[in-house]
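Colleague: Supplied structure: structure_25.cif, mmCIF, C-alpha atoms.
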data_start
#
loop_
_atom_site.label_atom_id
_atom_site.label_comp_id
_atom_site.auth_asym_id
_atom_site.auth_seq_id
_atom_site.Cartn_x
_atom_site.Cartn_y
_atom_site.Cartn_z
CA MET A 1 74.17 -24.84 14.82
CA LEU A 2 71.84 -27.25 16.64
CA ASP A 3 74.01 -28.84 19.33
CA ASP A 4 72.43 -26.90 22.20
CA ASP A 5 73.06 -28.51 25.59
CA GLU A 6 69.49 -27.84 26.65
CA THR A 7 66.30 -27.14 24.72
CA VAL A 8 64.47 -23.82 24.83
CA GLY A 9 61.35 -25.64 26.01
CA ARG A 10 63.16 -27.07 29.01
CA ARG A 11 64.48 -23.63 29.95
CA VAL A 12 60.97 -22.18 29.69
CA ARG A 13 59.62 -24.90 31.98
CA ARG A 14 62.43 -24.51 34.51
CA GLN A 15 61.94 -20.73 34.70
CA ARG A 16 58.17 -21.13 35.03
CA LEU A 17 58.56 -23.62 37.89
CA ARG A 18 61.18 -21.40 39.55
CA LEU A 19 58.51 -18.68 39.71
CA GLY A 20 55.87 -21.11 40.99
CA MET A 21 53.76 -20.28 37.95
CA ALA A 22 51.20 -22.69 36.54
CA GLN A 23 51.00 -23.30 32.79
CA ALA A 24 47.56 -21.68 32.79
CA ASP A 25 48.99 -18.50 34.36
CA LEU A 26 51.76 -18.30 31.77
CA ALA A 27 49.22 -18.90 29.02
CA ALA A 28 47.06 -16.05 30.33
CA ALA A 29 50.07 -13.69 30.45
CA MET A 30 50.90 -14.62 26.85
CA ARG A 31 47.26 -14.45 25.69
CA ARG A 32 47.63 -18.04 24.51
CA THR A 33 46.18 -21.39 25.44
CA GLN A 34 47.59 -23.75 28.04
CA GLY A 35 48.04 -26.24 25.21
CA TRP A 36 50.36 -23.81 23.43
CA VAL A 37 52.52 -23.45 26.57
CA SER A 38 52.65 -27.23 26.89
CA LYS A 39 53.78 -27.54 23.28
CA VAL A 40 56.48 -24.93 23.81
CA GLU A 41 57.81 -26.74 26.87
CA ASN A 42 57.79 -30.05 25.00
CA ASN A 43 59.55 -28.49 21.99
CA ARG A 44 56.57 -29.02 19.71
CA VAL A 45 56.43 -25.27 18.93
CA GLU A 46 59.52 -23.59 17.51
CA LEU A 47 59.94 -20.01 18.72
CA ASP A 48 61.00 -18.35 15.46
CA ARG A 49 59.65 -14.84 16.01
CA THR A 50 61.57 -12.33 18.08
CA SER A 51 58.41 -10.72 19.45
CA ILE A 52 57.16 -14.03 20.88
CA ILE A 53 60.54 -14.83 22.44
CA ASN A 54 60.70 -11.41 24.08
CA GLU A 55 57.10 -11.52 25.31
CA LEU A 56 57.67 -14.99 26.77
CA ALA A 57 60.82 -13.83 28.57
CA THR A 58 58.94 -10.82 29.95
CA ALA A 59 56.14 -13.04 31.24
CA LEU A 60 58.77 -15.25 32.92
CA HIS A 61 60.67 -12.24 34.35
CA CYS A 62 63.97 -13.09 32.71
CA HIS A 63 66.14 -11.98 29.81
CA PRO A 64 65.46 -13.60 26.40
CA ASN A 65 69.03 -14.92 26.36
CA ASP A 66 68.24 -16.94 29.50
CA LEU A 67 65.63 -18.86 27.52
CA LEU A 68 67.73 -19.14 24.39
CA GLY A 69 70.92 -20.24 26.13
CA ARG A 70 72.97 -17.42 24.63
CA PRO A 71 75.86 -16.96 24.18
CA TYR A 72 75.80 -20.32 22.43
CA PRO A 73 78.52 -22.91 23.10
CA VAL A 74 81.48 -22.42 20.74
CA ARG A 75 84.81 -24.10 20.23
CA GLY A 76 88.34 -23.12 19.26
CA THR A 77 88.86 -19.81 17.52
CA GLU A 78 85.11 -19.09 17.55
CA SER A 79 85.39 -18.41 21.30
CA ALA A 80 88.07 -15.71 20.89
CA TRP A 81 85.52 -12.92 21.11
CA ARG A 82 84.64 -13.80 24.72
CA ALA A 83 88.03 -12.73 26.10
CA ALA A 84 87.81 -9.48 24.12
CA ALA A 85 84.28 -8.88 25.40
CA ALA A 86 85.53 -9.28 28.98
CA ALA A 87 88.26 -6.69 28.30
CA ILE A 88 85.67 -4.26 26.90
CA VAL A 89 83.45 -4.72 29.96
CA ARG A 90 86.42 -3.90 32.20
CA GLU A 91 87.06 -0.69 30.26
CA LEU A 92 83.42 0.33 30.46
CA ARG A 93 83.31 -0.30 34.20
CA ARG A 94 86.15 2.15 34.84
CA TYR A 95 84.80 4.81 32.48
CA ASP A 96 85.11 7.66 35.02
CA LEU A 97 88.54 6.70 36.38
CA ALA A 98 91.90 7.90 35.09
CA PRO A 99 92.56 5.98 31.84
CA VAL A 100 95.39 3.45 31.79
CA PHE A 101 97.23 4.41 28.62
CA ASP A 102 100.97 4.53 27.92
CA GLY A 103 102.24 7.38 25.79
CA VAL A 104 100.39 10.22 24.12
CA PRO A 105 96.98 9.48 22.56
CA ARG A 106 96.64 10.18 18.87
CA SER A 107 94.46 12.99 17.55
CA SER A 108 90.72 12.63 17.05
CA GLY A 109 91.21 12.70 13.27
CA VAL A 110 93.43 9.63 13.45
CA LEU A 111 91.03 7.83 15.78
CA TRP A 112 88.11 8.53 13.45
CA GLY A 113 90.18 6.79 10.78
CA GLU A 114 90.53 3.78 13.10
CA LEU A 115 86.75 3.70 13.47
CA THR A 116 86.31 3.78 9.71
CA ALA A 117 88.46 0.64 9.46
CA LEU A 118 86.41 -0.90 12.25
CA HIS A 119 83.20 -0.14 10.35
CA ALA A 120 84.48 -2.26 7.46
CA ARG A 121 84.57 -5.20 9.87
CA ARG A 122 81.09 -4.30 11.09
CA ASP A 123 79.79 -4.27 7.53
CA SER A 124 81.29 -7.75 7.06
CA ALA A 125 79.74 -8.95 10.34
CA ASP A 126 83.23 -9.79 11.67
CA TYR A 127 82.28 -9.46 15.32
CA THR A 128 85.36 -11.21 16.64
CA GLY A 129 87.58 -8.75 14.78
CA ILE A 130 85.53 -5.86 16.16
CA MET A 131 85.71 -7.09 19.74
CA GLU A 132 89.46 -7.63 19.59
CA ARG A 133 90.15 -4.04 18.48
CA LEU A 134 87.72 -2.18 20.71
CA PRO A 135 89.53 -2.33 24.09
CA ASP A 136 92.48 -0.31 22.78
CA LEU A 137 90.17 2.21 21.10
CA PHE A 138 88.22 2.67 24.32
CA ARG A 139 91.42 3.28 26.27
CA GLU A 140 92.88 5.71 23.76
CA SER A 141 89.74 7.75 23.22
CA ARG A 142 89.26 8.01 26.97
CA ALA A 143 92.89 9.13 27.35
CA LEU A 144 92.38 11.73 24.63
CA ALA A 145 89.34 13.10 26.48
CA GLU A 146 91.36 13.27 29.68
CA ASN A 147 94.31 15.10 28.11
CA SER A 148 92.59 17.56 25.77
CA THR A 149 90.19 20.48 25.90
CA GLY A 150 87.56 22.16 23.77
CA HIS A 151 86.51 20.62 20.48
CA GLU A 152 89.18 17.91 20.62
CA ARG A 153 87.85 16.72 23.97
CA GLU A 154 84.30 16.64 22.61
CA GLU A 155 85.47 14.64 19.62
CA ALA A 156 87.14 12.14 21.96
CA PHE A 157 83.81 11.59 23.71
CA ALA A 158 82.08 11.24 20.32
CA ILE A 159 84.58 8.53 19.35
CA TYR A 160 83.99 6.80 22.70
CA ALA A 161 80.23 6.90 22.05
CA ILE A 162 80.60 5.26 18.62
CA CYS A 163 82.87 2.63 20.16
CA CYS A 164 80.01 1.93 22.59
CA LYS A 165 77.57 1.68 19.69
CA THR A 166 79.85 -0.74 17.85
CA ALA A 167 80.32 -2.88 20.97
CA HIS A 168 76.55 -2.83 21.55
CA ASN A 169 75.84 -4.08 18.04
CA ALA A 170 78.41 -6.89 18.28
CA ALA A 171 77.19 -7.91 21.74
CA HIS A 172 73.61 -8.15 20.50
CA SER A 173 74.67 -10.33 17.59
CA LEU A 174 76.69 -12.68 19.81
CA GLY A 175 74.38 -12.67 22.82
CA HIS A 176 76.33 -10.97 25.63
CA PRO A 177 73.70 -9.26 27.86
CA GLU A 178 76.15 -7.63 30.29
CA LEU A 179 78.07 -5.92 27.50
CA ILE A 180 74.80 -4.92 25.82
CA ALA A 181 73.55 -3.13 28.94
CA MET A 182 76.85 -1.50 29.84
CA ALA A 183 77.60 -0.29 26.30
CA CYS A 184 74.15 1.30 26.12
CA GLU A 185 74.66 3.18 29.40
CA ARG A 186 78.13 4.42 28.48
CA ALA A 187 76.94 5.50 25.03
CA ALA A 188 74.42 7.85 26.66
CA TRP A 189 77.10 9.20 29.05
CA SER A 190 79.66 9.92 26.33
CA ALA A 191 77.06 11.23 23.86
CA ALA A 192 76.04 13.92 26.34
CA ALA A 193 79.68 15.10 26.56
CA SER A 194 80.37 14.93 22.82
CA GLY A 195 78.94 18.31 21.81
CA ASP A 196 77.33 16.52 18.83
CA PRO A 197 73.59 17.32 18.63
CA MET A 198 72.89 14.00 16.85
CA MET A 199 74.80 11.75 19.24
CA PRO A 200 72.15 11.58 22.03
CA ALA A 201 69.59 10.46 19.45
CA VAL A 202 71.98 7.75 18.28
CA ALA A 203 72.47 6.62 21.90
CA ASN A 204 68.70 6.56 22.41
CA SER A 205 68.33 4.21 19.45
CA LEU A 206 70.42 1.70 21.44
CA ARG A 207 68.11 2.12 24.45
CA ALA A 208 65.09 1.50 22.25
CA TRP A 209 66.73 -1.66 20.90
CA ASP A 210 67.28 -2.89 24.46
CA MET A 211 63.63 -2.18 25.33
CA TRP A 212 62.65 -4.82 22.80
CA ALA A 213 64.16 -7.49 25.07
CA SER A 214 61.38 -6.85 27.61
CA ALA A 215 58.71 -6.42 24.91
CA ASP A 216 58.28 -2.73 25.79
CA TRP A 217 57.30 -1.79 22.24
CA GLY A 218 55.38 1.33 23.30
CA ASP A 219 58.22 2.66 25.44
CA ALA A 220 60.70 2.06 22.63
CA THR A 221 58.52 4.01 20.21
CA ALA A 222 58.05 6.86 22.70
CA LEU A 223 61.81 7.14 23.20
CA LEU A 224 62.43 7.11 19.47
CA ASP A 225 59.83 9.85 18.98
CA THR A 226 61.58 11.94 21.63
CA SER A 227 64.82 11.60 19.68
CA LEU A 228 63.10 12.40 16.39
CA HIS A 229 61.68 15.58 17.91
CA ALA A 230 65.13 16.58 19.17
CA ILE A 231 66.61 16.53 15.65
CA GLN A 232 63.52 17.82 13.84
CA ARG A 233 65.03 21.24 13.08
CA GLU A 234 68.22 19.80 11.53
CA HIS A 235 66.15 17.28 9.59
CA ALA A 236 63.89 19.99 8.20
CA ARG A 237 66.79 22.03 6.86
CA GLY A 238 68.29 18.98 5.15
CA ASP A 239 71.35 18.34 7.30
CA GLN A 240 72.71 15.07 5.89
CA LEU A 241 73.70 13.59 9.24
CA ALA A 242 70.28 14.49 10.65
CA LEU A 243 68.59 12.81 7.68
CA ARG A 244 70.56 9.61 8.31
CA ALA A 245 69.69 9.68 12.01
CA TRP A 246 66.04 10.47 11.30
CA GLY A 247 65.66 7.66 8.80
CA SER A 248 67.39 5.12 11.06
CA LEU A 249 65.16 6.05 13.99
CA GLN A 250 62.04 5.70 11.82
CA LEU A 251 63.12 2.20 10.74
CA ARG A 252 63.62 1.20 14.36
CA ALA A 253 60.17 2.61 15.16
CA ALA A 254 58.73 0.57 12.28
CA VAL A 255 60.13 -2.64 13.75
CA SER A 256 58.78 -1.67 17.19
CA ALA A 257 55.32 -1.17 15.71
CA ALA A 258 55.49 -4.43 13.76
CA ARG A 259 56.41 -6.43 16.86
CA ALA A 260 53.55 -4.76 18.70
CA GLY A 261 51.22 -5.93 15.91
CA ASN A 262 50.45 -2.41 14.69
CA ALA A 263 50.62 -2.86 10.92
CA GLY A 264 49.37 0.61 10.02
CA GLU A 265 51.94 2.35 12.20
CA ALA A 266 54.73 0.13 10.87
CA ARG A 267 53.85 0.99 7.27
CA HIS A 268 53.64 4.70 8.15
CA ARG A 269 57.12 4.65 9.66
CA ILE A 270 58.50 2.85 6.62
CA SER A 271 56.98 5.52 4.37
CA LEU A 272 58.60 8.30 6.43
CA ALA A 273 61.96 6.54 6.21
CA ARG A 274 61.50 6.12 2.45
CA GLU A 275 60.86 9.86 1.98
CA THR A 276 64.03 10.63 3.92
CA ALA A 277 66.06 8.16 1.88
CA LEU A 278 64.90 9.87 -1.31
CA ARG A 279 66.14 13.20 0.07
CA ILE A 280 69.53 11.64 0.68
CA ASP A 281 69.57 10.11 -2.82
CA THR A 282 69.05 13.53 -4.41
CA TYR A 283 71.85 15.17 -2.42
CA ALA A 284 74.48 16.66 -4.77
CA GLY A 285 76.93 18.26 -2.34
CA PRO A 286 80.34 17.12 -1.09
CA PRO A 287 80.64 13.65 0.52
CA VAL A 288 79.45 13.45 4.12
CA HIS A 289 81.36 11.32 6.61
CA ASP A 290 79.00 8.89 8.36
CA ARG A 291 80.41 9.66 11.80
CA HIS A 292 77.42 8.10 13.56
CA SER A 293 77.87 4.72 11.86
CA LEU A 294 74.26 4.57 10.66
CA THR A 295 74.62 3.54 6.97
CA PHE A 296 71.03 4.57 6.28
CA SER A 297 69.99 4.25 2.62
CA THR A 298 67.14 3.39 0.29
CA GLY A 299 68.40 -0.19 0.30
CA ASN A 300 67.97 -0.36 4.07
CA VAL A 301 64.41 0.90 3.74
CA LEU A 302 63.67 -1.77 1.13
CA VAL A 303 64.87 -4.69 3.24
CA HIS A 304 63.13 -3.29 6.33
CA SER A 305 59.85 -3.34 4.41
CA VAL A 306 60.34 -7.10 4.04
CA SER A 307 61.48 -7.49 7.64
CA VAL A 308 58.45 -5.64 9.00
CA ALA A 309 56.10 -7.92 7.05
CA VAL A 310 57.88 -11.00 8.42
CA GLU A 311 57.77 -9.64 11.99
CA MET A 312 53.98 -9.39 11.69
CA GLY A 313 53.74 -12.92 10.27
CA HIS A 314 52.66 -11.73 6.82
CA HIS A 315 54.84 -14.10 4.79
CA ALA A 316 52.99 -13.63 1.50
CA ALA A 317 53.38 -9.86 1.69
CA ALA A 318 57.08 -10.27 2.54
CA LEU A 319 57.70 -12.51 -0.47
CA LYS A 320 55.76 -10.19 -2.75
CA GLU A 321 57.78 -7.20 -1.54
CA ASP A 322 61.04 -9.08 -2.03
CA ALA A 323 60.06 -10.02 -5.60
CA ARG A 324 59.46 -6.37 -6.36
CA ILE A 325 62.81 -5.37 -4.87
CA SER A 326 64.73 -8.11 -6.65
CA ARG A 327 63.23 -7.08 -9.97
CA ASP A 328 63.70 -3.32 -9.74
CA LYS A 329 66.45 -2.52 -7.27
CA ALA A 330 68.71 -5.54 -6.83
CA ALA A 331 71.84 -3.39 -7.02
CA MET A 332 70.74 -1.49 -3.91
CA LEU A 333 70.62 -4.75 -1.96
CA LEU A 334 74.13 -5.69 -3.02
CA SER A 335 75.40 -2.31 -1.82
CA LEU A 336 74.20 -2.98 1.73
CA GLN A 337 76.56 -4.13 4.46
CA LYS A 338 76.82 -7.89 4.84
CA SER A 339 75.19 -7.88 8.26
CA ARG A 340 72.03 -6.28 6.86
CA ARG A 341 71.97 -8.59 3.83
CA GLY A 342 72.39 -11.58 6.14
CA HIS A 343 69.37 -10.44 8.16
CA HIS A 344 67.41 -10.01 4.95
CA HIS A 345 68.01 -13.57 3.80
CA MET A 346 67.16 -14.88 7.28
CA ASP A 347 63.82 -13.06 6.99
CA LEU A 348 63.21 -14.61 3.60
CA ALA A 349 64.06 -18.07 4.94
CA ARG A 350 61.28 -17.70 7.51
CA ALA A 351 58.84 -16.38 4.93
CA TRP A 352 59.48 -19.29 2.55
CA LEU A 353 59.21 -21.80 5.41
CA TRP A 354 55.86 -20.37 6.48
CA ASP A 355 54.82 -20.53 2.82
CA GLY A 356 55.53 -24.25 2.85
CA ASN A 357 58.60 -24.17 0.60
CA ARG A 358 61.36 -25.77 2.66
CA ASP A 359 63.81 -25.92 -0.26
CA ARG A 360 63.65 -22.16 -0.80
CA ALA A 361 63.93 -21.64 2.96
CA VAL A 362 67.15 -23.67 3.05
CA ASP A 363 68.46 -21.75 0.03
CA GLU A 364 67.89 -18.42 1.78
CA LEU A 365 69.40 -19.65 5.03
CA GLU A 366 72.49 -20.83 3.17
CA LYS A 367 72.78 -17.45 1.44
CA ALA A 368 72.56 -15.72 4.81
CA GLU A 369 75.27 -17.95 6.24
CA ARG A 370 77.60 -17.41 3.28
CA ILE A 371 77.20 -13.63 3.55
CA ALA A 372 77.50 -13.26 7.35
CA PRO A 373 78.41 -16.60 8.96
CA GLN A 374 79.13 -15.35 12.48
CA LEU A 375 75.89 -13.38 12.58
CA VAL A 376 73.71 -16.20 11.29
CA ARG A 377 75.22 -19.03 13.34
CA ASN A 378 74.66 -17.00 16.51
CA HIS A 379 71.17 -15.75 15.65
CA PRO A 380 68.33 -17.42 17.60
CA VAL A 381 65.77 -16.99 14.82
CA ALA A 382 68.11 -18.55 12.24
CA ARG A 383 68.67 -21.49 14.55
CA ALA A 384 64.95 -21.86 15.18
CA THR A 385 64.24 -21.74 11.44
CA LEU A 386 66.81 -24.45 10.78
CA ARG A 387 65.38 -26.62 13.56
CA ARG A 388 61.90 -26.32 12.04
CA ILE A 389 63.22 -27.31 8.62
CA VAL A 390 65.14 -30.29 10.03
CA HIS A 391 62.12 -31.46 12.03
CA ALA A 392 59.78 -31.13 9.05
CA GLU A 393 62.18 -33.05 6.82
CA ARG A 394 62.50 -35.84 9.39
CA VAL A 395 58.74 -36.11 9.79
CA ALA A 396 58.17 -36.11 6.03
CA THR A 397 60.87 -38.74 5.42
CA ARG A 398 59.59 -40.91 8.27
CA GLU A 399 56.02 -40.81 6.95
CA ARG A 400 57.19 -41.60 3.42
CA LEU A 401 59.13 -44.63 4.69
CA ARG A 402 56.19 -45.71 6.85
CA ARG A 403 53.90 -45.84 3.81
CA MET A 404 56.51 -47.76 1.81
CA SER A 405 57.02 -50.21 4.70
CA HIS A 406 53.28 -50.79 4.78
CA ARG A 407 53.30 -51.62 1.07
CA PHE A 408 56.20 -54.02 1.65
CA ARG A 409 54.30 -55.66 4.54
CA LEU A 410 57.07 -54.88 7.04
CA ASP A 411 56.28 -55.08 10.74
CA PRO A 412 55.73 -51.40 11.73
CA GLU A 413 56.63 -52.05 15.37
CA ARG A 414 60.07 -53.35 14.39
CA VAL A 415 60.76 -50.72 11.72
CA PHE A 416 59.41 -47.77 13.75
CA PRO A 417 59.96 -48.68 17.40
#
Produce structure tokens that represent the structure in this file.

Modeller:
Amino acid sequence: MLDDDETVGRRVRRQRLRLGMAQADLAAAMRRTQGWVSKVENNRVELDRTSIINELATALHCHPNDLLGRPYPVRGTESAWRAAAAAIVRELRRYDLAPVFDGVPRSSGVLWGELTALHARRDSADYTGIMERLPDLFRESRALAENSTGHEREEAFAIYAICCKTAHNAAHSLGHPELIAMACERAAWSAAASGDPMMPAVANSLRAWDMWASADWGDATALLDTSLHAIQREHARGDQLALRAWGSLQLRAAVSAARAGNAGEARHRISLARETALRIDTYAGPPVHDRHSLTFSTGNVLVHSVSVAVEMGHHAAALKEDARISRDKAAMLLSLQKSRRGHHHMDLARAWLWDGNRDRAVDELEKAERIAPQLVRNHPVARATLRRIVHAERVATRERLRRMSHRFRLDPERVFP
């Protein structure tokens, strides 16, 4: 996980010099000291909070992935997703051209079934498997839209939109900025043609996610509120799909507020999501197909309450919240998709590290990796957390040996050159 060709600090320095920016100017833009910038550039500060990474990239007028070196170098079968991602990008580029598809496309009902199978891979954080299957689904759904009319044509565009959402999620996890941007744009285009009143709100949630990259927390929240207003009527009457969309948008707004440092707003959004989750829990009607791929639940609200605390740097509150969850509602956590559980254990790893317990931090990081290996190994915060742990262990071991060497009367200059 740590064999980066170049350090983050060196990339920060190179980008700053490319702009002709002094350390003092970057420090002022970040509301930090020049000493902090110097430590970052000399890799004496580990950037293990998404908000700081995004704010630093914004100040340096670049994408966060440019500073992080994502996508990370991979070898062998781990690189298979790159070829699939290139194929997806080609399909998205030709979105308004006649689809290249041999034969007759299958019905929307069959294609929704294909998406359900794809969601199982999403829940397992199998991003390579997702990428490899998406190009054909994009082609076939686009062909169905071209060769059908009425409701069937609208359903084809809805399927295309969810394919965009799935590609967007995988691209974020693996660090492919071109696919991220293009999937977001095409999701909005296909959502507008889907005839589904919830689909534009789902597409807007992707736009809000992308706004985080440039630290536009306020714009992200404003966009999410626009989407919430658009589905207010369906939410009020208890439409199950609207409740899922509403709750998911509130959780995304909570993260936006947390990264902006607005604790009160973050807690308020979590409480609104919790109320919506309770309404879903008490639903007693027939099963509702999660066509928007949102998987919103009480369990998601619980882990987001921990995540929001970690985003604000409140490690004690995060650990206290996790203890309460683990005691009362552990089964809800186990029911979550593996990608969400992996994120949860990454959050806990950071909280335990900030609390000074490196052993517990390693335990949580190992749990995260076992649950969702591809997600965790490609996640910049997980990598930063591991680097901090490794550095702290090296420093502690070195100091312990230095004291022992002193007791043994060893020459310190020879032992510690």

Colleague: Measuring atom to atom with only C-alpha atoms, identify which of A:Ala183, A:Ala27, A:Ala22, A:Leu97 is nearest to Glu55 of chain A.

Modeller: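 Of A:Ala183, A:Ala27, A:Ala22, A:Leu97, the one nearest Glu55 of chain A is A:Ala27, counting only C-alpha atoms.
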
Colleague: Contacts of Trp112 of chain A at 9 Å or less, counting all atoms listed in the file, minus same-chain residues fewer than 5 places along, as a list in words?

Modeller: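 Non-adjacent residues within range: Ser107, Ala117, Ile159 and Arg291 of chain A.
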
Colleague: Could you spell out the hits of the PyMOL selection byres ((chain A and resi 93) around 12) on the shown file, as a list in words?

Modeller: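 Here the PyMOL selection byres ((chain A and resi 93) around 12) matches Ala86, Ala87, Ile88, Val89, Arg90, Glu91, Leu92, Arg94, Tyr95, Asp96, Leu97, Ala98, Pro99, Phe138, Arg139, Glu178, Leu179, Ala181, Met182, Ala183, Glu185 and Arg186 of chain A.
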
Colleague: Using only C-alpha atoms, which protein or nucleic acid residues come within 9 Å of Gly218 of chain A? Drop anything in the same chain fewer than 2 positions from it, and give the result as a PyMOL selection string.

Modeller: chain A and resi 215-216+220-223+256-257+260

Colleague: To verify the selection step, state as a ChimeraX atom specification which residues the PyMOL selection byres ((chain A and resi 224) around 9) yields on this input.

Modeller: /A:201,204-205,208,219-223,225-229,249-250,252-253

Colleague: Could you write out that same residue set with C-alpha atoms as a PDB file, keeping the file's coordinate frame?

Modeller:
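Generated output (result.pdb):
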ATOM      1  CA  ALA A 201      69.590  10.460  19.450  1.00  0.00           C
ATOM      2  CA  ASN A 204      68.700   6.560  22.410  1.00  0.00           C
ATOM      3  CA  SER A 205      68.330   4.210  19.450  1.00  0.00           C
ATOM      4  CA  ALA A 208      65.090   1.500  22.250  1.00  0.00           C
ATOM      5  CA  ASP A 219      58.220   2.660  25.440  1.00  0.00           C
ATOM      6  CA  ALA A 220      60.700   2.060  22.630  1.00  0.00           C
ATOM      7  CA  THR A 221      58.520   4.010  20.210  1.00  0.00           C
ATOM      8  CA  ALA A 222      58.050   6.860  22.700  1.00  0.00           C
ATOM      9  CA  LEU A 223      61.810   7.140  23.200  1.00  0.00           C
ATOM     10  CA  ASP A 225      59.830   9.850  18.980  1.00  0.00           C
ATOM     11  CA  THR A 226      61.580  11.940  21.630  1.00  0.00           C
ATOM     12  CA  SER A 227      64.820  11.600  19.680  1.00  0.00           C
ATOM     13  CA  LEU A 228      63.100  12.400  16.390  1.00  0.00           C
ATOM     14  CA  HIS A 229      61.680  15.580  17.910  1.00  0.00           C
ATOM     15  CA  LEU A 249      65.160   6.050  13.990  1.00  0.00           C
ATOM     16  CA  GLN A 250      62.040   5.700  11.820  1.00  0.00           C
ATOM     17  CA  ARG A 252      63.620   1.200  14.360  1.00  0.00           C
ATOM     18  CA  ALA A 253      60.170   2.610  15.160  1.00  0.00           C
TER      19      ALA A 253
END
